[in-house]
$ cat final_26.tsv   # TSV, C-alpha atoms
chain	number	residue	atom	x	y	z
H	1	MET	CA	-65.57	31.16	-77.38
H	2	SER	CA	-65.93	34.94	-77.00
H	3	ARG	CA	-66.15	36.61	-73.61
H	4	PHE	CA	-68.54	39.44	-72.93
H	5	ASP	CA	-67.77	42.69	-71.16
H	6	VAL	CA	-70.79	42.67	-68.87
H	7	PRO	CA	-71.06	45.62	-66.46
H	8	THR	CA	-71.04	44.77	-62.76
H	9	ASP	CA	-72.69	46.60	-59.88
H	10	ARG	CA	-69.47	46.15	-57.88
H	11	ASP	CA	-67.65	48.96	-59.70
H	12	ALA	CA	-68.16	51.97	-61.95
H	13	SER	CA	-68.89	49.81	-65.01
H	14	GLY	CA	-72.36	49.05	-63.69
H	15	ARG	CA	-73.10	52.06	-61.49
H	16	SER	CA	-74.34	55.47	-62.61
H	17	MET	CA	-72.53	58.01	-60.48
H	18	GLY	CA	-71.09	61.36	-61.44
H	19	GLU	CA	-71.54	65.10	-61.15
H	20	GLU	CA	-74.79	65.00	-59.18
H	21	GLU	CA	-73.36	62.90	-56.36
H	22	LEU	CA	-70.09	64.87	-56.34
H	23	ALA	CA	-71.95	68.16	-56.04
H	24	TRP	CA	-73.94	67.00	-53.01
H	25	LEU	CA	-70.81	65.51	-51.43
H	26	ALA	CA	-68.97	68.79	-51.88
H	27	ALA	CA	-71.85	70.61	-50.20
H	28	VAL	CA	-71.55	68.33	-47.18
H	29	ILE	CA	-67.78	68.75	-46.96
H	30	GLU	CA	-68.16	72.52	-47.06
H	31	THR	CA	-70.46	72.44	-44.02
H	32	GLY	CA	-67.98	70.36	-42.02
H	33	SER	CA	-70.88	68.36	-40.57
H	34	LEU	CA	-70.84	64.67	-41.49
H	35	ASN	CA	-73.28	63.55	-38.79
H	36	SER	CA	-76.96	63.51	-39.75
H	37	ASN	CA	-78.06	64.93	-36.39
H	38	SER	CA	-76.18	68.16	-37.05
H	39	GLY	CA	-76.55	68.27	-40.85
H	40	GLN	CA	-79.44	68.50	-43.29
H	41	MET	CA	-78.46	66.20	-46.17
H	42	VAL	CA	-80.00	63.02	-44.74
H	43	ARG	CA	-83.15	64.90	-43.68
H	44	ASN	CA	-83.45	66.31	-47.20
H	45	PHE	CA	-83.07	62.84	-48.68
H	46	GLU	CA	-85.72	61.51	-46.29
H	47	GLU	CA	-88.16	64.20	-47.40
H	48	GLU	CA	-87.43	63.60	-51.09
H	49	PHE	CA	-87.69	59.81	-50.83
H	50	ALA	CA	-90.95	60.03	-48.85
H	51	SER	CA	-92.37	62.40	-51.46
H	52	HIS	CA	-91.24	60.13	-54.31
H	53	GLN	CA	-92.91	57.14	-52.65
H	54	GLY	CA	-96.03	59.08	-51.67
H	55	VAL	CA	-95.63	58.27	-47.97
H	56	GLY	CA	-95.81	60.54	-44.93
H	57	HIS	CA	-92.57	59.54	-43.20
H	58	CYS	CA	-89.12	58.29	-44.20
H	59	ILE	CA	-86.43	57.46	-41.65
H	60	ALA	CA	-82.98	56.70	-43.05
H	61	CYS	CA	-80.61	54.24	-41.38
H	62	ASN	CA	-77.34	52.42	-41.95
H	63	SER	CA	-78.57	49.26	-43.74
H	64	GLY	CA	-81.58	47.38	-45.01
H	65	SER	CA	-81.03	44.74	-42.32
H	66	PHE	CA	-81.12	47.38	-39.61
H	67	ALA	CA	-84.27	48.80	-41.21
H	68	VAL	CA	-86.08	45.48	-40.68
H	69	GLN	CA	-84.88	45.37	-37.07
H	70	ALA	CA	-86.02	48.96	-36.48
H	71	ALA	CA	-89.44	48.15	-37.95
H	72	LEU	CA	-89.92	45.18	-35.65
H	73	ALA	CA	-88.64	47.14	-32.64
H	74	ALA	CA	-91.01	50.04	-33.36
H	75	LEU	CA	-93.98	47.66	-33.41
H	76	GLU	CA	-93.11	46.64	-29.84
H	77	LEU	CA	-93.93	42.98	-30.43
H	78	PRO	CA	-94.03	40.55	-27.49
H	79	LYS	CA	-90.57	39.11	-26.87
H	80	GLY	CA	-90.36	35.46	-27.82
H	81	SER	CA	-93.33	35.64	-30.19
H	82	SER	CA	-93.14	34.40	-33.77
H	83	VAL	CA	-92.85	36.39	-37.00
H	84	VAL	CA	-93.97	34.68	-40.20
H	85	THR	CA	-91.50	35.20	-43.03
H	86	THR	CA	-89.75	33.37	-45.87
H	87	ALA	CA	-86.52	31.39	-45.64
H	88	VAL	CA	-85.69	32.47	-49.21
H	89	THR	CA	-84.29	35.88	-48.31
H	90	ASP	CA	-81.15	37.72	-47.29
H	91	PHE	CA	-79.71	36.50	-43.99
H	92	GLY	CA	-79.81	40.04	-42.59
H	93	ALA	CA	-83.60	40.02	-42.71
H	94	LEU	CA	-83.60	36.94	-40.48
H	95	THR	CA	-80.99	38.13	-37.99
H	96	ALA	CA	-83.12	41.26	-37.53
H	97	ILE	CA	-85.91	39.05	-36.18
H	98	LEU	CA	-83.57	37.21	-33.82
H	99	TYR	CA	-81.91	40.40	-32.54
H	100	GLU	CA	-85.34	41.62	-31.42
H	101	GLY	CA	-85.88	38.47	-29.37
H	102	LEU	CA	-88.43	37.08	-31.84
H	103	GLN	CA	-88.73	33.71	-33.58
H	104	PRO	CA	-88.94	33.33	-37.37
H	105	ARG	CA	-91.74	31.02	-38.48
H	106	PHE	CA	-91.06	30.09	-42.08
H	107	CYS	CA	-93.82	29.89	-44.65
H	108	ASP	CA	-93.61	27.98	-47.92
H	109	VAL	CA	-93.02	29.80	-51.21
H	110	ASP	CA	-94.52	29.41	-54.65
H	111	PRO	CA	-92.24	26.90	-56.45
H	112	VAL	CA	-92.19	28.98	-59.64
H	113	THR	CA	-91.81	32.55	-58.35
H	114	LEU	CA	-90.07	31.61	-55.06
H	115	GLN	CA	-92.30	34.21	-53.38
H	116	PRO	CA	-94.51	33.82	-50.30
H	117	THR	CA	-98.23	33.94	-51.06
H	118	ALA	CA	-101.30	34.76	-48.98
H	119	GLU	CA	-102.12	31.05	-49.01
H	120	THR	CA	-98.71	29.92	-47.74
H	121	ILE	CA	-98.66	32.65	-45.09
H	122	ALA	CA	-102.15	31.70	-43.92
H	123	ARG	CA	-101.04	28.10	-43.66
H	124	ALA	CA	-98.03	29.13	-41.56
H	125	LEU	CA	-100.31	31.18	-39.31
H	126	ASP	CA	-102.62	28.23	-38.76
H	127	GLU	CA	-99.98	25.52	-38.41
H	128	PRO	CA	-97.47	26.11	-35.60
H	129	ALA	CA	-93.90	25.39	-36.60
H	130	ARG	CA	-92.22	22.14	-35.60
H	131	GLY	CA	-88.82	22.36	-33.97
H	132	SER	CA	-87.20	24.95	-31.76
H	133	LEU	CA	-88.15	28.15	-33.66
H	134	GLY	CA	-91.48	29.67	-34.59
H	135	THR	CA	-93.52	27.71	-32.06
H	136	GLU	CA	-94.88	30.71	-30.14
H	137	PRO	CA	-97.96	32.76	-31.18
H	138	VAL	CA	-97.46	34.95	-34.25
H	139	SER	CA	-97.24	38.71	-33.66
H	140	ALA	CA	-96.33	40.01	-37.18
H	141	VAL	CA	-95.61	39.12	-40.80
H	142	VAL	CA	-92.54	40.18	-42.79
H	143	LEU	CA	-93.24	39.98	-46.52
H	144	THR	CA	-90.21	39.95	-48.82
H	145	SER	CA	-90.55	40.77	-52.52
H	146	LEU	CA	-87.60	38.84	-53.91
H	147	PHE	CA	-85.32	39.92	-56.78
H	148	GLY	CA	-87.55	42.87	-57.71
H	149	ARG	CA	-90.52	40.59	-58.47
H	150	PRO	CA	-93.81	41.69	-56.86
H	151	THR	CA	-95.57	39.55	-54.29
H	152	GLU	CA	-99.35	39.39	-54.00
H	153	ALA	CA	-99.00	42.09	-51.36
H	154	GLU	CA	-102.62	43.24	-51.47
H	155	LYS	CA	-103.84	39.75	-50.54
H	156	VAL	CA	-101.25	39.42	-47.77
H	157	ALA	CA	-102.21	42.86	-46.42
H	158	ALA	CA	-105.89	41.85	-46.36
H	159	LEU	CA	-104.99	38.61	-44.58
H	160	CYS	CA	-102.95	40.46	-41.95
H	161	GLU	CA	-105.73	42.99	-41.40
H	162	ALA	CA	-108.25	40.19	-40.93
H	163	ARG	CA	-105.95	38.47	-38.43
H	164	GLY	CA	-105.07	41.69	-36.60
H	165	LEU	CA	-101.36	41.39	-37.44
H	166	PRO	CA	-98.98	44.18	-38.51
H	167	LEU	CA	-97.36	43.72	-41.92
H	168	VAL	CA	-93.75	44.74	-42.54
H	169	GLU	CA	-92.83	44.86	-46.23
H	170	ASP	CA	-89.19	44.04	-46.90
H	171	ALA	CA	-88.72	45.88	-50.20
H	172	ALA	CA	-84.90	45.87	-50.07
H	173	GLN	CA	-84.71	44.27	-53.52
H	174	SER	CA	-87.85	45.81	-54.97
H	175	LEU	CA	-87.57	49.56	-55.31
H	176	GLU	CA	-90.01	50.73	-58.03
H	177	THR	CA	-91.63	47.29	-58.23
H	178	LEU	CA	-95.38	47.50	-58.87
H	179	ARG	CA	-98.21	45.23	-57.81
H	180	GLY	CA	-101.43	46.01	-59.66
H	181	GLY	CA	-100.02	49.44	-60.53
H	182	ARG	CA	-99.20	50.18	-56.88
H	183	ARG	CA	-95.69	50.36	-55.46
H	184	ILE	CA	-94.40	47.46	-53.40
H	185	GLY	CA	-93.70	49.05	-50.03
H	186	SER	CA	-97.09	50.78	-49.81
H	187	PHE	CA	-99.19	47.87	-48.49
H	188	GLY	CA	-97.91	47.36	-44.94
H	189	GLN	CA	-97.72	49.37	-41.73
H	190	ILE	CA	-93.98	49.81	-42.35
H	191	SER	CA	-91.80	49.12	-45.39
H	192	THR	CA	-88.03	48.77	-45.48
H	193	PHE	CA	-85.49	49.44	-48.21
H	194	SER	CA	-81.78	48.87	-48.81
H	195	PHE	CA	-79.19	51.06	-50.54
H	196	GLN	CA	-76.32	48.54	-50.37
H	197	GLN	CA	-73.78	48.50	-53.21
H	198	GLY	CA	-75.78	46.25	-55.52
H	199	LYS	CA	-79.24	47.78	-55.05
H	200	HIS	CA	-81.17	49.92	-57.56
H	201	ILE	CA	-79.68	53.09	-56.03
H	202	THR	CA	-76.77	52.93	-53.63
H	203	SER	CA	-74.74	54.71	-50.99
H	204	GLY	CA	-72.49	51.68	-50.47
H	205	GLU	CA	-74.48	50.74	-47.39
H	206	GLY	CA	-77.70	52.28	-46.16
H	207	GLY	CA	-81.39	51.73	-45.61
H	208	ALA	CA	-84.70	53.45	-45.02
H	209	LEU	CA	-88.11	52.85	-43.49
H	210	LEU	CA	-91.40	54.29	-44.74
H	211	CYS	CA	-94.70	54.59	-42.90
H	212	HIS	CA	-97.75	56.84	-42.62
H	213	ASP	CA	-98.40	56.69	-38.88
H	214	ASP	CA	-96.89	59.59	-36.90
H	215	ALA	CA	-96.43	57.69	-33.65
H	216	LEU	CA	-94.87	54.70	-35.42
H	217	ALA	CA	-92.49	56.98	-37.32
H	218	ARG	CA	-91.39	58.61	-34.06
H	219	ARG	CA	-90.73	55.22	-32.51
H	220	VAL	CA	-88.64	54.17	-35.54
H	221	ARG	CA	-86.61	57.39	-35.45
H	222	LEU	CA	-85.97	56.93	-31.73
H	223	PHE	CA	-84.74	53.37	-32.29
H	224	VAL	CA	-82.34	54.54	-35.02
H	225	ASN	CA	-81.00	57.24	-32.65
H	226	LYS	CA	-80.30	55.33	-29.39
H	227	ALA	CA	-83.81	56.30	-28.24
H	228	TRP	CA	-82.73	59.94	-27.85
H	229	PRO	CA	-85.51	62.33	-29.00
H	230	TYR	CA	-83.47	64.99	-30.77
H	231	GLY	CA	-85.25	68.33	-30.92
H	232	GLU	CA	-87.72	67.53	-28.16
H	233	ALA	CA	-87.84	69.26	-24.79
H	234	HIS	CA	-86.00	67.54	-21.91
H	235	PRO	CA	-84.50	64.71	-23.99
H	236	ASP	CA	-83.18	61.52	-22.42
H	237	HIS	CA	-82.64	57.92	-23.57
H	238	LEU	CA	-86.22	56.64	-23.48
H	239	PHE	CA	-85.47	52.94	-23.91
H	240	VAL	CA	-82.59	50.65	-24.91
H	241	ALA	CA	-81.71	51.15	-28.58
H	242	PRO	CA	-78.58	51.09	-30.78
H	243	ASN	CA	-77.10	53.68	-33.14
H	244	GLY	CA	-78.28	52.97	-36.67
H	245	ARG	CA	-77.83	56.40	-38.25
H	246	MET	CA	-76.94	57.17	-41.84
H	247	THR	CA	-74.12	59.68	-42.40
H	248	GLU	CA	-74.42	62.94	-44.30
H	249	LEU	CA	-72.00	61.57	-46.91
H	250	GLN	CA	-74.32	58.65	-47.62
H	251	GLY	CA	-77.29	61.01	-47.76
H	252	ALA	CA	-75.47	63.16	-50.30
H	253	VAL	CA	-74.81	60.21	-52.61
H	254	LEU	CA	-78.41	59.07	-52.31
H	255	ARG	CA	-79.78	62.48	-53.22
H	256	GLY	CA	-77.77	62.30	-56.43
H	257	GLN	CA	-78.90	58.72	-57.04
H	258	LEU	CA	-82.58	59.39	-56.35
H	259	GLY	CA	-82.78	61.87	-59.20
H	260	LYS	CA	-81.69	59.08	-61.56
H	261	LEU	CA	-83.90	56.34	-60.16
H	262	THR	CA	-86.64	56.34	-62.81
H	263	GLY	CA	-84.15	56.14	-65.67
H	264	LEU	CA	-82.04	53.52	-63.92
H	265	VAL	CA	-85.01	51.21	-63.42
H	266	GLU	CA	-86.27	51.73	-66.95
H	267	ARG	CA	-82.86	50.70	-68.30
H	268	ARG	CA	-82.79	47.63	-66.04
H	269	ILE	CA	-86.20	46.56	-67.31
H	270	ALA	CA	-85.24	47.13	-70.96
H	271	THR	CA	-82.01	45.14	-70.55
H	272	ALA	CA	-83.76	42.30	-68.73
H	273	ASP	CA	-86.55	42.17	-71.32
H	274	ARG	CA	-84.01	41.93	-74.12
H	275	PHE	CA	-82.12	39.16	-72.31
H	276	LEU	CA	-85.30	37.20	-71.65
H	277	GLU	CA	-86.32	37.56	-75.28
H	278	GLU	CA	-82.93	36.24	-76.42
H	279	ILE	CA	-83.14	33.14	-74.21
H	280	GLY	CA	-86.84	32.56	-74.86
H	281	SER	CA	-86.18	29.69	-77.26
H	282	VAL	CA	-83.81	27.83	-74.89
H	283	SER	CA	-85.48	24.68	-73.61
H	284	GLY	CA	-85.27	24.17	-69.86
H	285	LEU	CA	-85.13	27.85	-68.84
H	286	THR	CA	-88.20	29.57	-67.41
H	287	HIS	CA	-89.06	33.03	-66.13
H	288	ALA	CA	-92.39	33.35	-64.35
H	289	ALA	CA	-94.91	35.64	-66.05
H	290	LEU	CA	-96.32	38.71	-64.31
H	291	ASP	CA	-99.96	39.50	-63.59
H	292	ALA	CA	-101.58	42.47	-65.34
H	293	GLY	CA	-100.53	45.75	-63.75
H	294	ASP	CA	-97.41	44.24	-62.18
H	295	ARG	CA	-93.84	45.42	-62.83
H	296	HIS	CA	-90.64	43.54	-62.10
H	297	SER	CA	-87.84	46.04	-61.34
H	298	PHE	CA	-85.12	43.41	-61.86
H	299	TRP	CA	-82.75	43.70	-58.97
H	300	ARG	CA	-81.82	40.32	-60.44
H	301	VAL	CA	-83.15	38.31	-63.39
H	302	ASP	CA	-84.63	35.19	-61.81
H	303	LEU	CA	-84.62	32.02	-63.91
H	304	GLY	CA	-85.84	28.49	-63.34
H	305	VAL	CA	-83.55	25.75	-64.63
H	306	ASP	CA	-84.82	22.27	-65.50
H	307	PRO	CA	-81.94	19.79	-64.93
H	308	GLU	CA	-83.70	17.29	-67.21
H	309	GLN	CA	-83.18	19.67	-70.14
H	310	ILE	CA	-80.07	21.60	-69.09
H	311	PRO	CA	-77.15	19.13	-68.75
H	312	GLY	CA	-75.60	19.53	-65.31
H	313	GLY	CA	-78.45	21.72	-64.14
H	314	VAL	CA	-78.12	25.16	-62.60
H	315	ASP	CA	-74.49	24.75	-61.45
H	316	ALA	CA	-73.26	23.76	-64.90
H	317	LEU	CA	-75.18	26.60	-66.52
H	318	ALA	CA	-73.77	29.12	-64.05
H	319	GLY	CA	-70.26	27.86	-64.68
H	320	ALA	CA	-70.69	28.23	-68.45
H	321	LEU	CA	-72.03	31.76	-68.07
H	322	ARG	CA	-69.14	32.75	-65.82
H	323	GLU	CA	-66.66	31.46	-68.40
H	324	LEU	CA	-68.31	33.87	-70.82
H	325	GLY	CA	-67.82	36.69	-68.35
H	326	ILE	CA	-71.51	36.86	-67.39
H	327	PRO	CA	-72.09	37.08	-63.61
H	328	CYS	CA	-74.45	34.41	-62.36
H	329	ALA	CA	-75.48	33.17	-58.90
H	330	PRO	CA	-76.77	29.59	-59.17
H	331	HIS	CA	-78.23	29.51	-55.65
H	332	TYR	CA	-79.69	32.03	-53.20
$ encode --input "final_26.tsv" --output "structure tokens"
Amino acid sequence: MSRFDVPTDRDASGRSMGEEELAWLAAVIETGSLNSNSGQMVRNFEEEFASHQGVGHCIACNSGSFAVQAALAALELPKGSSVVTTAVTDFGALTAILYEGLQPRFCDVDPVTLQPTAETIARALDEPARGSLGTEPVSAVVLTSLFGRPTEAEKVAALCEARGLPLVEDAAQSLETLRGGRRIGSFGQISTFSFQQGKHITSGEGGALLCHDDALARRVRLFVNKAWPYGEAHPDHLFVAPNGRMTELQGAVLRGQLGKLTGLVERRIATADRFLEEIGSVSGLTHAALDAGDRHSFWRVDLGVDPEQIPGGVDALAGALRELGIPCAPHY
């Protein structure tokens, strides 16, 4: 049986880096300033990313997990209160809740898309959790768009507005994902993104938060910077906060990556569409359809596997794919 040479996002075979990133890195090295508080590269990236997303403010940080924590901290939620979210997510998005002294209250997900819905979130809001976590009143919702697939974010945003709850969009896996023609990450009070090695664009590690509100943006930036208001008169540490800054070197790589984003996502979609077309006749494999106006940006290709039709189920299929040299994660 032939093996395939499938590119991987863990090395240069599956990452598009080159002259653009090197040029920005060289510019940083020439300044001798690698810290974002004394340099301009991260600030320039923030401005460019905010403009690209059509949002007033972008604050860069050191990871997508930290971005979720900074968002929750900036909202100044009551300690001990609950945050409705999904259990089908990256662990870093859950530790962010716990680090802020909050309790995750898990909602159900759609069994086909694995995404939270307005209905499942509403049910979680109305039915207090059983057990030791999520039993206190809810103070916010964190909505994760998984694998690059859009959630019904407009319905969740309307639900949160009706309930008087802030909505944080965790768009770490969903850069350039569209819901009804509108970008995921534009529905909540704050949205968070990740630039970890495997994401659509990368600086190895890194994250960002987007929001429109000036006061909220200031609070986020303070949290990322140990609550020290750089550039303001008579600065001092205004509250307890960690250091979550992005370096100038990371900002340089991201400026090079951002210029390629549209093409990178278009190639991901074309590759995924071809793959899904090729496996379309295989019984027992499913890929949930999208609503009109939606776009899946394919951080990962998500498949459902029917063990009644695929001998050995998802684990056996993953093992067979790996033997062919095709990366596959059977569980998340």
$ closest_residue --input "final_26.tsv" --among "H:Phe106, H:Phe239, H:Phe66, H:Trp299" --to "Arg267 in chain H" --atoms "only C-alpha atoms"
H:Trp299
$ atom_distance --input "final_26.tsv" --atom1 "CA of Ala292 in chain H" --atom2 "CA of Glu154 in chain H"
13.9 Å
$ residues_around --input "final_26.tsv" --residues "Thr8 in chain H" --least-positions-apart "2" --cutoff "12 Å" --atoms "all atoms listed in the file" --output "number ranges by chain"
H: 4-6, 10-16, 197-199, 300, 325-328
$ atom_distance --input "final_26.tsv" --atom1 "CA of Ser36 in chain H" --atom2 "CA of Asp213 in chain H"
22.5 Å
$ atom_distance --input "final_26.tsv" --atom1 "CA of Tyr332 in chain H" --atom2 "CA of Thr89 in chain H"
7.7 Å
$ axis_aligned_box --input "final_26.tsv" --around "range 231-249 of chain H" --padding-each-side "6 Å" --output "lines of an AutoDock Vina configuration file"
center_x = -79.9
center_y = 60.0
center_z = -34.4
size_x = 27.8
size_y = 30.6
size_z = 37.0
$ residues_around --input "final_26.tsv" --residues "Ala316 in chain H" --least-positions-apart "5" --cutoff "12 Å" --atoms "all atoms listed in the file" --output "list in words"
Val305, Asp306, Pro307, Gln309, Ile310, Pro311, Leu321, Arg322, Glu323, Cys328, Ala329, Pro330 and His331 of chain H
$ residues_around --input "final_26.tsv" --residues "Gly188 in chain H" --least-positions-apart "3" --cutoff "8 Å" --atoms "all atoms listed in the file" --output "PyMOL selection string"
chain H and resi 157+166-169+185+191
$ closest_residue --input "final_26.tsv" --among "H:Ile201, H:Val55, H:Leu146, H:Leu324" --to "Asp302 in chain H" --atoms "only C-alpha atoms"
H:Leu146
$ residues_around --input "final_26.tsv" --residues "His296 in chain H" --least-positions-apart "4" --cutoff "7 Å" --atoms "all atoms listed in the file" --output "PyMOL selection string"
chain H and resi 148-150+177-178
$ closest_residue --input "final_26.tsv" --among "H:Gly204, H:Gly64, H:Ala27, H:Ala171" --to "Asp9 in chain H" --atoms "only C-alpha atoms"
H:Gly204
$ closest_residue --input "final_26.tsv" --among "H:Thr95, H:Thr120, H:Asn243, H:Thr262" --to "Cys61 in chain H" --atoms "all atoms listed in the file"
H:Asn243
$ build_atoms --input "final_26.tsv" --residues "range 258-272 of chain H" --atoms "N, CA and C atoms" --output "mmCIF file, in the frame of the given file"
data_model
loop_
_atom_site.group_PDB
_atom_site.id
_atom_site.type_symbol
_atom_site.label_atom_id
_atom_site.label_comp_id
_atom_site.auth_asym_id
_atom_site.auth_seq_id
_atom_site.Cartn_x
_atom_site.Cartn_y
_atom_site.Cartn_z
ATOM 1 N N LEU H 258 -81.116 59.372 -56.285
ATOM 2 C CA LEU H 258 -82.580 59.390 -56.350
ATOM 3 C C LEU H 258 -83.080 60.106 -57.592
ATOM 4 N N GLY H 259 -82.384 61.143 -58.000
ATOM 5 C CA GLY H 259 -82.780 61.870 -59.200
ATOM 6 C C GLY H 259 -82.658 61.050 -60.471
ATOM 7 N N LYS H 260 -81.903 59.942 -60.389
ATOM 8 C CA LYS H 260 -81.690 59.080 -61.560
ATOM 9 C C LYS H 260 -82.520 57.808 -61.520
ATOM 10 N N LEU H 261 -83.262 57.626 -60.420
ATOM 11 C CA LEU H 261 -83.900 56.340 -60.160
ATOM 12 C C LEU H 261 -84.801 55.885 -61.298
ATOM 13 N N THR H 262 -85.679 56.741 -61.764
ATOM 14 C CA THR H 262 -86.640 56.340 -62.810
ATOM 15 C C THR H 262 -85.915 55.831 -64.042
ATOM 16 N N GLY H 263 -84.910 56.563 -64.490
ATOM 17 C CA GLY H 263 -84.150 56.140 -65.670
ATOM 18 C C GLY H 263 -83.369 54.867 -65.438
ATOM 19 N N LEU H 264 -82.803 54.726 -64.237
ATOM 20 C CA LEU H 264 -82.040 53.520 -63.920
ATOM 21 C C LEU H 264 -82.915 52.278 -63.995
ATOM 22 N N VAL H 265 -84.106 52.359 -63.416
ATOM 23 C CA VAL H 265 -85.010 51.210 -63.420
ATOM 24 C C VAL H 265 -85.524 50.923 -64.823
ATOM 25 N N GLU H 266 -85.817 51.952 -65.572
ATOM 26 C CA GLU H 266 -86.270 51.730 -66.950
ATOM 27 C C GLU H 266 -85.206 51.013 -67.771
ATOM 28 N N ARG H 267 -83.936 51.365 -67.568
ATOM 29 C CA ARG H 267 -82.860 50.700 -68.300
ATOM 30 C C ARG H 267 -82.697 49.254 -67.839
ATOM 31 N N ARG H 268 -82.855 49.012 -66.539
ATOM 32 C CA ARG H 268 -82.790 47.630 -66.040
ATOM 33 C C ARG H 268 -83.884 46.786 -66.711
ATOM 34 N N ILE H 269 -85.090 47.314 -66.746
ATOM 35 C CA ILE H 269 -86.200 46.560 -67.310
ATOM 36 C C ILE H 269 -85.972 46.295 -68.797
ATOM 37 N N ALA H 270 -85.494 47.303 -69.523
ATOM 38 C CA ALA H 270 -85.240 47.130 -70.960
ATOM 39 C C ALA H 270 -84.163 46.086 -71.199
ATOM 40 N N THR H 271 -83.097 46.111 -70.400
ATOM 41 C CA THR H 271 -82.010 45.140 -70.550
ATOM 42 C C THR H 271 -82.491 43.733 -70.232
ATOM 43 N N ALA H 272 -83.246 43.610 -69.123
ATOM 44 C CA ALA H 272 -83.760 42.300 -68.730
ATOM 45 C C ALA H 272 -84.730 41.756 -69.780
#
